[in-house]
file data-v1.cif (mmCIF, N, CA and C atoms)
data_query
loop_
_atom_site.label_atom_id
_atom_site.label_comp_id
_atom_site.auth_asym_id
_atom_site.auth_seq_id
_atom_site.Cartn_x
_atom_site.Cartn_y
_atom_site.Cartn_z
N MET A 21 0.83 -1.18 0.00
CA MET A 21 0.00 0.00 0.00
C MET A 21 0.88 1.25 0.00
N VAL A 22 0.60 2.19 -0.88
CA VAL A 22 1.36 3.43 -0.97
C VAL A 22 0.80 4.42 0.05
N PRO A 23 1.69 5.01 0.89
CA PRO A 23 1.20 5.98 1.88
C PRO A 23 0.60 7.20 1.20
N SER A 24 -0.46 7.74 1.79
CA SER A 24 -1.06 8.96 1.25
C SER A 24 -0.25 10.16 1.73
N ALA A 25 -0.47 11.31 1.08
CA ALA A 25 0.24 12.53 1.46
C ALA A 25 -0.04 12.90 2.91
N VAL A 26 -1.25 12.58 3.39
CA VAL A 26 -1.60 12.91 4.76
C VAL A 26 -0.72 12.15 5.75
N GLU A 27 -0.24 10.97 5.37
CA GLU A 27 0.60 10.18 6.25
C GLU A 27 2.05 10.66 6.27
N HIS A 28 2.42 11.55 5.38
CA HIS A 28 3.79 12.06 5.32
C HIS A 28 3.93 13.23 6.28
N LEU A 29 3.85 12.89 7.57
CA LEU A 29 3.92 13.87 8.64
C LEU A 29 5.21 13.69 9.42
N PRO A 30 5.67 14.74 10.12
CA PRO A 30 6.92 14.61 10.87
C PRO A 30 6.74 13.79 12.14
N ASP A 31 7.74 12.98 12.41
CA ASP A 31 7.80 12.24 13.67
C ASP A 31 8.80 12.97 14.55
N ARG A 32 8.29 13.64 15.54
CA ARG A 32 9.15 14.42 16.42
C ARG A 32 9.66 13.57 17.57
N PRO A 33 10.85 13.83 18.07
CA PRO A 33 11.70 14.97 17.82
C PRO A 33 12.73 14.77 16.71
N SER A 34 12.69 13.64 16.03
CA SER A 34 13.70 13.38 15.00
C SER A 34 13.41 14.11 13.69
N TRP A 35 12.16 14.49 13.47
CA TRP A 35 11.72 15.15 12.25
C TRP A 35 11.98 14.30 11.03
N THR A 36 11.72 13.01 11.19
CA THR A 36 11.71 12.12 10.03
C THR A 36 10.25 11.89 9.64
N CYS A 37 10.04 11.51 8.40
CA CYS A 37 8.69 11.29 7.90
C CYS A 37 8.15 9.99 8.47
N ARG A 38 6.93 10.03 8.97
CA ARG A 38 6.29 8.83 9.53
C ARG A 38 6.04 7.77 8.47
N ALA A 39 5.86 8.18 7.22
CA ALA A 39 5.52 7.24 6.16
C ALA A 39 6.74 6.58 5.53
N ASP A 40 7.81 7.35 5.30
CA ASP A 40 8.93 6.77 4.56
C ASP A 40 10.28 6.86 5.29
N GLY A 41 10.31 7.48 6.47
CA GLY A 41 11.54 7.52 7.26
C GLY A 41 12.59 8.50 6.79
N LYS A 42 12.28 9.27 5.75
CA LYS A 42 13.24 10.26 5.25
C LYS A 42 13.11 11.55 6.06
N ASP A 43 14.08 12.43 5.91
CA ASP A 43 13.99 13.73 6.57
C ASP A 43 12.71 14.43 6.15
N TRP A 44 11.97 14.96 7.14
CA TRP A 44 10.75 15.69 6.84
C TRP A 44 11.08 17.17 6.68
N PRO A 45 10.52 17.84 5.69
CA PRO A 45 9.53 17.38 4.75
C PRO A 45 10.16 16.57 3.62
N CYS A 46 9.69 15.36 3.46
CA CYS A 46 10.15 14.49 2.37
C CYS A 46 9.55 15.01 1.06
N ALA A 47 9.91 14.42 -0.03
CA ALA A 47 9.42 14.87 -1.34
C ALA A 47 7.89 14.83 -1.41
N SER A 48 7.29 13.78 -0.87
CA SER A 48 5.83 13.68 -0.90
C SER A 48 5.18 14.78 -0.06
N ALA A 49 5.75 15.05 1.11
CA ALA A 49 5.22 16.11 1.97
C ALA A 49 5.38 17.47 1.28
N ARG A 50 6.53 17.71 0.64
CA ARG A 50 6.73 18.98 -0.07
C ARG A 50 5.72 19.14 -1.20
N ASP A 51 5.49 18.07 -1.94
CA ASP A 51 4.49 18.13 -3.02
C ASP A 51 3.12 18.47 -2.46
N HIS A 52 2.73 17.79 -1.40
CA HIS A 52 1.42 18.02 -0.80
C HIS A 52 1.32 19.44 -0.23
N LEU A 53 2.32 19.86 0.52
CA LEU A 53 2.31 21.20 1.11
C LEU A 53 2.29 22.27 0.03
N GLY A 54 3.10 22.08 -1.00
CA GLY A 54 3.18 23.05 -2.09
C GLY A 54 1.88 23.19 -2.85
N SER A 55 1.10 22.12 -2.91
CA SER A 55 -0.17 22.20 -3.62
C SER A 55 -1.32 22.63 -2.70
N THR A 56 -1.07 22.66 -1.41
CA THR A 56 -2.10 23.01 -0.43
C THR A 56 -2.06 24.49 -0.06
N PHE A 57 -0.86 25.04 0.10
CA PHE A 57 -0.69 26.40 0.58
C PHE A 57 -0.28 27.34 -0.55
N PRO A 58 -0.76 28.58 -0.55
CA PRO A 58 -0.16 29.60 -1.42
C PRO A 58 1.30 29.81 -0.97
N ARG A 59 2.15 30.26 -1.85
CA ARG A 59 3.59 30.33 -1.58
C ARG A 59 3.93 31.10 -0.29
N THR A 60 3.32 32.27 -0.07
CA THR A 60 3.64 33.05 1.12
C THR A 60 3.19 32.32 2.38
N ALA A 61 2.00 31.76 2.36
CA ALA A 61 1.51 31.00 3.52
C ALA A 61 2.38 29.77 3.77
N LEU A 62 2.82 29.13 2.70
CA LEU A 62 3.70 27.97 2.83
C LEU A 62 5.01 28.37 3.52
N ALA A 63 5.60 29.48 3.09
CA ALA A 63 6.85 29.94 3.70
C ALA A 63 6.64 30.27 5.18
N MET A 64 5.51 30.88 5.51
CA MET A 64 5.23 31.20 6.90
C MET A 64 5.05 29.93 7.73
N TYR A 65 4.30 28.98 7.20
CA TYR A 65 4.09 27.71 7.90
C TYR A 65 5.42 26.98 8.12
N MET A 66 6.23 26.93 7.08
CA MET A 66 7.50 26.21 7.20
C MET A 66 8.48 26.94 8.10
N THR A 67 8.38 28.26 8.21
CA THR A 67 9.22 29.01 9.15
C THR A 67 8.89 28.59 10.58
N VAL A 68 7.61 28.44 10.86
CA VAL A 68 7.20 27.98 12.19
C VAL A 68 7.72 26.56 12.43
N GLN A 69 7.60 25.70 11.43
CA GLN A 69 8.08 24.32 11.58
C GLN A 69 9.59 24.30 11.81
N LEU A 70 10.32 25.16 11.12
CA LEU A 70 11.77 25.26 11.31
C LEU A 70 12.08 25.62 12.75
N GLY A 71 11.35 26.57 13.32
CA GLY A 71 11.58 26.97 14.71
C GLY A 71 11.35 25.83 15.68
N VAL A 72 10.30 25.08 15.47
CA VAL A 72 9.99 23.94 16.33
C VAL A 72 11.08 22.87 16.17
N ALA A 73 11.47 22.62 14.94
CA ALA A 73 12.52 21.62 14.68
C ALA A 73 13.85 22.04 15.30
N ALA A 74 14.16 23.33 15.26
CA ALA A 74 15.41 23.81 15.85
C ALA A 74 15.42 23.56 17.36
N ARG A 75 14.27 23.69 18.00
CA ARG A 75 14.20 23.39 19.43
C ARG A 75 14.33 21.88 19.68
N ASP A 76 13.73 21.08 18.80
CA ASP A 76 13.81 19.63 18.96
C ASP A 76 15.19 19.08 18.62
N MET A 77 15.91 19.76 17.75
CA MET A 77 17.22 19.29 17.30
C MET A 77 18.27 20.39 17.51
N PRO A 78 18.63 20.66 18.77
CA PRO A 78 19.53 21.79 19.05
C PRO A 78 20.92 21.66 18.43
N ASP A 79 21.33 20.47 18.04
CA ASP A 79 22.65 20.30 17.43
C ASP A 79 22.64 20.44 15.91
N ALA A 80 21.46 20.62 15.34
CA ALA A 80 21.37 20.76 13.87
C ALA A 80 21.97 22.10 13.45
N ARG A 81 22.62 22.09 12.29
CA ARG A 81 23.22 23.31 11.76
C ARG A 81 22.12 24.20 11.18
N PRO A 82 22.12 25.49 11.52
CA PRO A 82 21.09 26.40 11.02
C PRO A 82 20.95 26.39 9.49
N GLY A 83 22.06 26.35 8.78
CA GLY A 83 22.01 26.33 7.32
C GLY A 83 21.33 25.08 6.78
N ASP A 84 21.58 23.95 7.44
CA ASP A 84 20.93 22.71 7.03
C ASP A 84 19.42 22.79 7.24
N LEU A 85 19.02 23.37 8.38
CA LEU A 85 17.59 23.51 8.65
C LEU A 85 16.94 24.48 7.65
N TYR A 86 17.64 25.56 7.33
CA TYR A 86 17.10 26.51 6.35
C TYR A 86 16.87 25.81 5.01
N HIS A 87 17.86 25.06 4.58
CA HIS A 87 17.73 24.36 3.29
C HIS A 87 16.58 23.36 3.33
N ARG A 88 16.51 22.62 4.40
CA ARG A 88 15.52 21.56 4.53
C ARG A 88 14.09 22.11 4.65
N PHE A 89 13.91 23.17 5.41
CA PHE A 89 12.56 23.65 5.71
C PHE A 89 12.11 24.82 4.84
N LEU A 90 13.01 25.66 4.38
CA LEU A 90 12.58 26.89 3.71
C LEU A 90 13.02 27.05 2.27
N LEU A 91 14.21 26.68 1.93
CA LEU A 91 14.72 26.97 0.60
C LEU A 91 13.82 26.41 -0.49
N TRP A 92 13.32 25.22 -0.31
CA TRP A 92 12.47 24.60 -1.33
C TRP A 92 11.18 25.37 -1.54
N THR A 93 10.72 26.13 -0.54
CA THR A 93 9.46 26.87 -0.69
C THR A 93 9.59 28.01 -1.69
N ARG A 94 10.82 28.39 -2.02
CA ARG A 94 11.06 29.46 -2.98
C ARG A 94 11.15 28.94 -4.41
N GLY A 95 10.91 27.65 -4.57
CA GLY A 95 10.95 27.06 -5.90
C GLY A 95 12.30 26.47 -6.27
N ALA A 96 13.20 26.34 -5.27
CA ALA A 96 14.49 25.72 -5.52
C ALA A 96 14.29 24.24 -5.78
N PRO A 97 15.16 23.62 -6.58
CA PRO A 97 15.02 22.19 -6.81
C PRO A 97 15.14 21.43 -5.50
N PRO A 98 14.37 20.38 -5.31
CA PRO A 98 14.43 19.62 -4.06
C PRO A 98 15.77 18.93 -3.89
N ALA A 99 16.13 18.72 -2.64
CA ALA A 99 17.37 18.00 -2.33
C ALA A 99 17.24 16.56 -2.80
N ILE A 100 18.34 15.98 -3.16
CA ILE A 100 18.35 14.57 -3.56
C ILE A 100 18.20 13.73 -2.30
N GLU A 101 17.26 12.81 -2.33
CA GLU A 101 17.02 11.97 -1.15
C GLU A 101 17.51 10.57 -1.39
#

call {"tool": "encode", "arguments": {"input": "data-v1.cif", "output": "structure tokens"}}
result
Amino acid sequence: MVPSAVEHLPDRPSWTCRADGKDWPCASARDHLGSTFPRTALAMYMTVQLGVAARDMPDARPGDLYHRFLLWTRGAPPAIE
């Protein structure tokens, strides 16, 4: 059975995808989020998620979190998974 987009949610505090175990937001979550939110609202939502993730993962590098949570919202090509 293929997981639905709704199942591609973050598993905290690791911030891995519950459906596929990849870093969240995984490609499926990005596709779903990108088609659900207007670009500005998406960036605002993901900024909040970045803040929560930064608290959950205090050793994560800020640049890595920016790339993972925000850069793709600007239309940048997704990271290779």

call {"tool": "residues_around", "arguments": {"input": "data-v1.cif", "residues": "Ser48 (chain A)", "least_positions_apart": "3", "cutoff": "8 Å", "atoms": "only C-alpha atoms", "output": "PyMOL selection string"}}
result
chain A and resi 25+28+45+51-52

call {"tool": "axis_aligned_box", "arguments": {"input": "data-v1.cif", "around": "region 37-47 of chain A", "padding_each_side": "3 Å", "output": "lines of an AutoDock Vina configuration file"}}
result
center_x = 9.8
center_y = 12.2
center_z = 4.1
size_x = 14.6
size_y = 17.3
size_z = 16.9

call {"tool": "resolve_selection", "arguments": {"input": "data-v1.cif", "expression": "the PyMOL selection byres (((chain A and resi 34 and name CA) around 9) and name CA)", "output": "PyMOL selection string"}}
result
chain A and resi 30-33+35-37+43-44+73+76-77

call {"tool": "atom_distance", "arguments": {"input": "data-v1.cif", "atom1": "CA of Ala63 (chain A)", "atom2": "CA of Asp40 (chain A)"}}
result
23.3 Å

call {"tool": "resolve_selection", "arguments": {"input": "data-v1.cif", "expression": "the PyMOL selection byres (((chain A and resi 54 and name CA) around 12) and name CA)", "output": "ChimeraX atom specification"}}
result
/A:25,45-53,55-63,65-66,90,92-95,98

call {"tool": "atom_distance", "arguments": {"input": "data-v1.cif", "atom1": "CA of Arg38 (chain A)", "atom2": "CA of Gly83 (chain A)"}}
result
23.6 Å

call {"tool": "decode", "arguments": {"input": "data-v1.cif", "residues": "chain A", "atoms": "C-alpha atoms", "output": "PDB file, in the first residue's frame"}}
result
ATOM      1  CA  MET A  21       0.000   0.000   0.000  1.00  0.00           C
ATOM      2  CA  VAL A  22       1.357   3.427  -0.973  1.00  0.00           C
ATOM      3  CA  PRO A  23       1.200   5.976   1.879  1.00  0.00           C
ATOM      4  CA  SER A  24      -1.057   8.964   1.251  1.00  0.00           C
ATOM      5  CA  ALA A  25       0.239  12.532   1.461  1.00  0.00           C
ATOM      6  CA  VAL A  26      -1.605  12.909   4.764  1.00  0.00           C
ATOM      7  CA  GLU A  27       0.604  10.179   6.250  1.00  0.00           C
ATOM      8  CA  HIS A  28       3.788  12.056   5.323  1.00  0.00           C
ATOM      9  CA  LEU A  29       3.915  13.872   8.645  1.00  0.00           C
ATOM     10  CA  PRO A  30       6.921  14.607  10.868  1.00  0.00           C
ATOM     11  CA  ASP A  31       7.797  12.239  13.666  1.00  0.00           C
ATOM     12  CA  ARG A  32       9.150  14.425  16.419  1.00  0.00           C
ATOM     13  CA  PRO A  33      11.701  14.974  17.819  1.00  0.00           C
ATOM     14  CA  SER A  34      13.704  13.380  14.996  1.00  0.00           C
ATOM     15  CA  TRP A  35      11.723  15.155  12.251  1.00  0.00           C
ATOM     16  CA  THR A  36      11.707  12.116  10.033  1.00  0.00           C
ATOM     17  CA  CYS A  37       8.694  11.294   7.895  1.00  0.00           C
ATOM     18  CA  ARG A  38       6.293   8.831   9.532  1.00  0.00           C
ATOM     19  CA  ALA A  39       5.519   7.236   6.161  1.00  0.00           C
ATOM     20  CA  ASP A  40       8.934   6.774   4.562  1.00  0.00           C
ATOM     21  CA  GLY A  41      11.535   7.519   7.264  1.00  0.00           C
ATOM     22  CA  LYS A  42      13.238  10.262   5.254  1.00  0.00           C
ATOM     23  CA  ASP A  43      13.989  13.728   6.574  1.00  0.00           C
ATOM     24  CA  TRP A  44      10.749  15.694   6.836  1.00  0.00           C
ATOM     25  CA  PRO A  45       9.529  17.381   4.754  1.00  0.00           C
ATOM     26  CA  CYS A  46      10.152  14.493   2.373  1.00  0.00           C
ATOM     27  CA  ALA A  47       9.421  14.872  -1.339  1.00  0.00           C
ATOM     28  CA  SER A  48       5.827  13.682  -0.904  1.00  0.00           C
ATOM     29  CA  ALA A  49       5.217  16.115   1.965  1.00  0.00           C
ATOM     30  CA  ARG A  50       6.730  18.984  -0.068  1.00  0.00           C
ATOM     31  CA  ASP A  51       4.492  18.128  -3.020  1.00  0.00           C
ATOM     32  CA  HIS A  52       1.416  18.020  -0.795  1.00  0.00           C
ATOM     33  CA  LEU A  53       2.306  21.195   1.110  1.00  0.00           C
ATOM     34  CA  GLY A  54       3.181  23.048  -2.086  1.00  0.00           C
ATOM     35  CA  SER A  55      -0.173  22.203  -3.618  1.00  0.00           C
ATOM     36  CA  THR A  56      -2.097  23.012  -0.434  1.00  0.00           C
ATOM     37  CA  PHE A  57      -0.693  26.402   0.578  1.00  0.00           C
ATOM     38  CA  PRO A  58      -0.160  29.600  -1.421  1.00  0.00           C
ATOM     39  CA  ARG A  59       3.593  30.325  -1.575  1.00  0.00           C
ATOM     40  CA  THR A  60       3.637  33.051   1.120  1.00  0.00           C
ATOM     41  CA  ALA A  61       1.510  31.003   3.518  1.00  0.00           C
ATOM     42  CA  LEU A  62       3.705  27.972   2.829  1.00  0.00           C
ATOM     43  CA  ALA A  63       6.847  29.940   3.699  1.00  0.00           C
ATOM     44  CA  MET A  64       5.230  31.203   6.904  1.00  0.00           C
ATOM     45  CA  TYR A  65       4.090  27.706   7.896  1.00  0.00           C
ATOM     46  CA  MET A  66       7.495  26.212   7.199  1.00  0.00           C
ATOM     47  CA  THR A  67       9.220  29.013   9.145  1.00  0.00           C
ATOM     48  CA  VAL A  68       7.202  27.977  12.194  1.00  0.00           C
ATOM     49  CA  GLN A  69       8.076  24.321  11.584  1.00  0.00           C
ATOM     50  CA  LEU A  70      11.767  25.256  11.307  1.00  0.00           C
ATOM     51  CA  GLY A  71      11.582  26.972  14.711  1.00  0.00           C
ATOM     52  CA  VAL A  72       9.995  23.936  16.332  1.00  0.00           C
ATOM     53  CA  ALA A  73      12.519  21.617  14.676  1.00  0.00           C
ATOM     54  CA  ALA A  74      15.413  23.810  15.846  1.00  0.00           C
ATOM     55  CA  ARG A  75      14.201  23.386  19.434  1.00  0.00           C
ATOM     56  CA  ASP A  76      13.813  19.628  18.958  1.00  0.00           C
ATOM     57  CA  MET A  77      17.224  19.291  17.296  1.00  0.00           C
ATOM     58  CA  PRO A  78      19.528  21.786  19.053  1.00  0.00           C
ATOM     59  CA  ASP A  79      22.653  20.295  17.435  1.00  0.00           C
ATOM     60  CA  ALA A  80      21.367  20.760  13.875  1.00  0.00           C
ATOM     61  CA  ARG A  81      23.217  23.314  11.764  1.00  0.00           C
ATOM     62  CA  PRO A  82      21.086  26.399  11.015  1.00  0.00           C
ATOM     63  CA  GLY A  83      22.010  26.330   7.319  1.00  0.00           C
ATOM     64  CA  ASP A  84      20.929  22.709   7.025  1.00  0.00           C
ATOM     65  CA  LEU A  85      17.585  23.513   8.648  1.00  0.00           C
ATOM     66  CA  TYR A  86      17.103  26.507   6.349  1.00  0.00           C
ATOM     67  CA  HIS A  87      17.731  24.361   3.294  1.00  0.00           C
ATOM     68  CA  ARG A  88      15.517  21.557   4.530  1.00  0.00           C
ATOM     69  CA  PHE A  89      12.564  23.651   5.709  1.00  0.00           C
ATOM     70  CA  LEU A  90      12.579  26.889   3.712  1.00  0.00           C
ATOM     71  CA  LEU A  91      14.720  26.967   0.596  1.00  0.00           C
ATOM     72  CA  TRP A  92      12.471  24.600  -1.335  1.00  0.00           C
ATOM     73  CA  THR A  93       9.462  26.874  -0.687  1.00  0.00           C
ATOM     74  CA  ARG A  94      11.062  29.460  -2.977  1.00  0.00           C
ATOM     75  CA  GLY A  95      10.950  27.062  -5.904  1.00  0.00           C
ATOM     76  CA  ALA A  96      14.491  25.725  -5.520  1.00  0.00           C
ATOM     77  CA  PRO A  97      15.017  22.193  -6.814  1.00  0.00           C
ATOM     78  CA  PRO A  98      14.433  19.622  -4.057  1.00  0.00           C
ATOM     79  CA  ALA A  99      17.368  18.002  -2.329  1.00  0.00           C
ATOM     80  CA  ILE A 100      18.354  14.567  -3.555  1.00  0.00           C
ATOM     81  CA  GLU A 101      17.021  11.967  -1.152  1.00  0.00           C
TER      82      GLU A 101
END
